[in-house]
Amino acid sequence: MRGITITGVNTSDKTTQFRGLRFATIEKRYDYPARVDSYPGNIDATQYGSIPPQPPQIVSPLIPSSQLPPPRPKADEFECLNLNVMCPTIVEKPLPVVIWIFPGGNYMGSASDKAYDPTAFVERSIDKGMPVIFVNINYRLSLYGFLYMDGRANHGMYDQFTALQWVKLHISDFGGDPDNITLMGESAGSLSTHYHSVNEESKGLFRRIGMMSTVIEARTSRPLDEAQEIVEKVYCGVITDEELRTVPIDKLMKALPIIGGMYGPVDEGGFAGEGPFIDKLPHSEIESIVLGNCRFEAKSYGPKIQQLVPINEFYSGLLEVPNVGTEFAEMYNIKPTEDEKNFTNTLVMYDDISYGQPVHDAVNGLRKAGIKTYHYLFDEPNPFLADLDAHHGVDVLYFFNSYKFDTKYDFIDMYQTGWIRFANGLFPWGFLDCERDIENVVMLDQSIHEREEGANLILIISPSGI
């Protein structure tokens, strides 16, 4: 990119963002991406690029009406492989880099969504004397990013991988240090991060990883027989085999409700090698990891779960699970009644199975392997809807603070600063001294109490007053 002028936009008096930078091209649907390393002339990077096609934008009820996000840029499956680079306006030395993979179940979201605007994060890094460069990447989603076609799959994962390569090769042009990159994401973005960490081809592309809420054990790769079933469901829906590669993208999007479920990596033996992946360790170049989840991730899913599975049916189905069904019902005090307390008990079990236990297992595996791992439990409630507790994704609101909170939330400073320290190769947070015996845990809430770091300690974030 030498000799090319790139014009960005000032997002504050301290930060500049370069938007819509194309990192790869796609000639036709279900092609793997071809990295872009040269550009024909100067680049106007003042506008966001096209986003991945997806269902219509839905304004989250978690966001106050006074802070509605702007309309998204246009969607285009062949023009969506672009990224955004946010830098301190003044860069005096090569800076650490954070790459963010957005969440959304691999079927919605984009690098330009307001929720992931890194302005406040980068500003704080400058104020703390630990400036970072922040990169948001786009990738293909759902039926055109994760469908198993012609013996190939994981096109969205290859998009991400190509973006990581591009950043490694070109971030120095923006003042970034290509040898000091932290890869991270939340939910589906966290899952992607975990897969990249065990992908042998990704060696050397990043130095640290941050995983918020989801790991491989929580959503293992889809076996080929299941991947083929999804293709057959598409055929039974709105398109045929021949049309699948050429049907207009909006028609393809209409097939999403027919498929249902979540999208993600397919175990096709290519991107991350042969499964299973649960016990695979990150490649040796990764020096440290932050990994954790929110205290009650499933709380925000409550209405949807209650609608899909009536509690009396859930109870009878649970008892039919061999060996452990009855034990689980007793352990979580789940009964065949429709009252709110009983449903909450069911949600707690779902939460433990889907989030708590997989993260716990991942932490233990990383610890046994001697990898420096900071483990947290996030226990701050939604700043706009406190009744939702510390639900899935609420930590992202605090991480970016793009939807401004009440000034009483001094916790944001501590939380963002911890991640900034981590990206700079430092110990992120302190440990909370508490009366209960919680080994190697840091609790992140309104009061973190520092104590010295011990050897191979794990970091956890959780409620005050424990």
# chains A, B, ... in the order shown; residues from 1 in each chain; ligands from 1
call {"tool": "residues_around", "arguments": {"residues": "range 1-9 of chain A", "least_positions_apart": "4", "cutoff": "9 Å", "atoms": "only C-alpha atoms", "output": "PyMOL selection string"}}
result
chain A and resi 15-19+37-47+170+173
call {"tool": "write_last_selection", "arguments": {"atoms": "C-alpha atoms", "output": "CSV table (one decimal), in the first residue's frame"}}
result
chain,number,residue,atom,x,y,z
A,15,THR,CA,-9.3,9.1,16.8
A,16,THR,CA,-9.4,8.5,13.0
A,17,GLN,CA,-11.2,5.7,11.3
A,18,PHE,CA,-10.5,4.3,7.9
A,19,ARG,CA,-13.7,2.6,6.7
A,37,ASP,CA,-2.9,-6.5,-1.5
A,38,SER,CA,-2.7,-3.8,-4.1
A,39,TYR,CA,-5.0,-0.9,-5.0
A,40,PRO,CA,-5.2,1.1,-8.2
A,41,GLY,CA,-5.1,4.5,-6.7
A,42,ASN,CA,-5.8,6.6,-3.6
A,43,ILE,CA,-8.5,5.4,-1.3
A,44,ASP,CA,-11.5,7.3,0.0
A,45,ALA,CA,-12.1,5.5,3.3
A,46,THR,CA,-14.6,8.0,4.8
A,47,GLN,CA,-17.7,5.7,4.3
A,170,HIS,CA,-0.7,-4.1,6.1
A,173,ASP,CA,0.9,1.2,7.2
call {"tool": "residues_around", "arguments": {"residues": "Ala386 in chain A", "least_positions_apart": "5", "cutoff": "12 Å", "atoms": "only C-alpha atoms", "output": "list in words"}}
result
Leu62, Lys299, Ser300, Asp379, Glu380, Pro381, His391 and Val394 of chain A
call {"tool": "closest_atom_pairs", "arguments": {"of": "range 161-201 of chain A", "to": "range 352-369 of chain A", "cutoff": "12 Å", "atoms": "only C-alpha atoms", "output": "JSON lines"}}
result
{"residue": "A:Ser187", "atom": "CA", "partner": "A:Tyr355", "partner_atom": "CA", "distance": 9.9}
{"residue": "A:Ser190", "atom": "CA", "partner": "A:Val359", "partner_atom": "CA", "distance": 11.3}
{"residue": "A:Leu191", "atom": "CA", "partner": "A:Val359", "partner_atom": "CA", "distance": 11.3}
{"residue": "A:His194", "atom": "CA", "partner": "A:Ala362", "partner_atom": "CA", "distance": 10.3}
call {"tool": "write_last_selection", "arguments": {"atoms": "C-alpha atoms", "output": "PDB file, in the first residue's frame"}}
result
ATOM      1  CA  SER A 187     -20.575 -15.160  21.132  1.00  0.00           C
ATOM      2  CA  SER A 190     -15.682 -15.707  20.309  1.00  0.00           C
ATOM      3  CA  LEU A 191     -16.329 -19.108  18.765  1.00  0.00           C
ATOM      4  CA  HIS A 194     -11.336 -20.093  19.344  1.00  0.00           C
TER       5      HIS A 194
END
call {"tool": "atom_distance", "arguments": {"atom1": "CA of Leu388 in chain A", "atom2": "CA of Ala298 in chain A"}}
result
9.5 Å
call {"tool": "select_by_dssp", "arguments": {"residues": "range 347-442 of chain A", "states": "alpha helix (DSSP H)", "output": "PyMOL selection string"}}
result
chain A and resi 347-351+357-368+394-400+411-423
call {"tool": "residues_around", "arguments": {"residues": "range 426-428 of chain A", "least_positions_apart": "3", "cutoff": "10 Å", "atoms": "only C-alpha atoms", "output": "list in words"}}
result
Ser288, Val290, Tyr374, Met414, Tyr415, Gln416, Thr417, Gly418, Trp419, Ile420, Arg421, Phe422, Ala423, Glu453 and Leu459 of chain A
call {"tool": "closest_residue", "arguments": {"among": "A:Ile286, A:Ala24, A:Ile171, A:Leu81", "to": "His196 in chain A", "atoms": "only C-alpha atoms"}}
result
A:Ile286
call {"tool": "atom_distance", "arguments": {"atom1": "CA of Tyr332 in chain A", "atom2": "CA of Val396 in chain A"}}
result
28.8 Å
call {"tool": "select_by_dssp", "arguments": {"residues": "range 209-314 of chain A", "states": "strand (DSSP E or B)", "output": "list in words"}}
result
Ile209, Gly210, Met211, Met212, Arg222, Val266, Ser288, Ile289, Val290, Leu291, Gly292, Asn293 and Cys294 of chain A
call {"tool": "closest_residue", "arguments": {"among": "A:Met86, A:Asp410, A:Tyr376, A:Pro64", "to": "Trp429 in chain A", "atoms": "only C-alpha atoms"}}
result
A:Tyr376
call {"tool": "closest_residue", "arguments": {"among": "A:Val266, A:Val91, A:Leu224, A:Leu347", "to": "Gly145 in chain A", "atoms": "only C-alpha atoms"}}
result
A:Val266
call {"tool": "closest_residue", "arguments": {"among": "A:Ile63, A:Ser110, A:Phe399, A:Asn138", "to": "Pro383 in chain A", "atoms": "only C-alpha atoms"}}
result
A:Ile63
call {"tool": "residues_around", "arguments": {"residues": "Leu244 in chain A", "least_positions_apart": "4", "cutoff": "12 Å", "atoms": "only C-alpha atoms", "output": "list in words"}}
result
Lys28, Arg29, Tyr30, Leu143, Tyr144, Leu147, Tyr148, Met149, Asp150, Val231, Glu232, Val234, Tyr235, Cys236, Gly237, Val238, Ile239, Thr240, Pro248, Ile249, Lys251, Leu252, Met253 and Ala255 of chain A
call {"tool": "write_last_selection", "arguments": {"atoms": "C-alpha atoms", "output": "mmCIF file, in the first residue's frame"}}
result
data_model
loop_
_atom_site.group_PDB
_atom_site.id
_atom_site.type_symbol
_atom_site.label_atom_id
_atom_site.label_comp_id
_atom_site.auth_asym_id
_atom_site.auth_seq_id
_atom_site.Cartn_x
_atom_site.Cartn_y
_atom_site.Cartn_z
ATOM 1 C CA LYS A 28 -19.040 -15.993 -7.448
ATOM 2 C CA ARG A 29 -21.046 -17.490 -4.613
ATOM 3 C CA TYR A 30 -19.275 -20.254 -2.675
ATOM 4 C CA LEU A 143 -26.487 -19.773 3.837
ATOM 5 C CA TYR A 144 -23.753 -18.192 1.721
ATOM 6 C CA LEU A 147 -23.263 -23.889 3.752
ATOM 7 C CA TYR A 148 -21.567 -27.157 2.733
ATOM 8 C CA MET A 149 -21.310 -27.057 -1.074
ATOM 9 C CA ASP A 150 -19.269 -29.140 -3.518
ATOM 10 C CA VAL A 231 -28.572 -28.281 2.229
ATOM 11 C CA GLU A 232 -31.533 -30.624 1.746
ATOM 12 C CA VAL A 234 -32.804 -25.470 1.542
ATOM 13 C CA TYR A 235 -33.772 -27.543 -1.478
ATOM 14 C CA CYS A 236 -37.136 -28.313 0.120
ATOM 15 C CA GLY A 237 -37.641 -24.608 0.707
ATOM 16 C CA VAL A 238 -37.414 -21.971 -1.999
ATOM 17 C CA ILE A 239 -34.542 -23.024 -4.263
ATOM 18 C CA THR A 240 -33.097 -25.954 -6.177
ATOM 19 C CA PRO A 248 -30.859 -13.528 -5.857
ATOM 20 C CA ILE A 249 -29.518 -13.082 -2.366
ATOM 21 C CA LYS A 251 -34.513 -14.968 -2.037
ATOM 22 C CA LEU A 252 -31.750 -16.948 -0.356
ATOM 23 C CA MET A 253 -32.322 -14.938 2.819
ATOM 24 C CA ALA A 255 -34.833 -19.580 3.266
#
call {"tool": "residues_around", "arguments": {"residues": "Phe206 in chain A", "least_positions_apart": "3", "cutoff": "8 Å", "atoms": "only C-alpha atoms", "output": "PyMOL selection string"}}
result
chain A and resi 179-183+202-203+209+285-286
call {"tool": "closest_residue", "arguments": {"among": "A:Tyr195, A:Tyr398, A:Ala34, A:Ser213", "to": "His375 in chain A", "atoms": "only C-alpha atoms"}}
result
A:Ser213
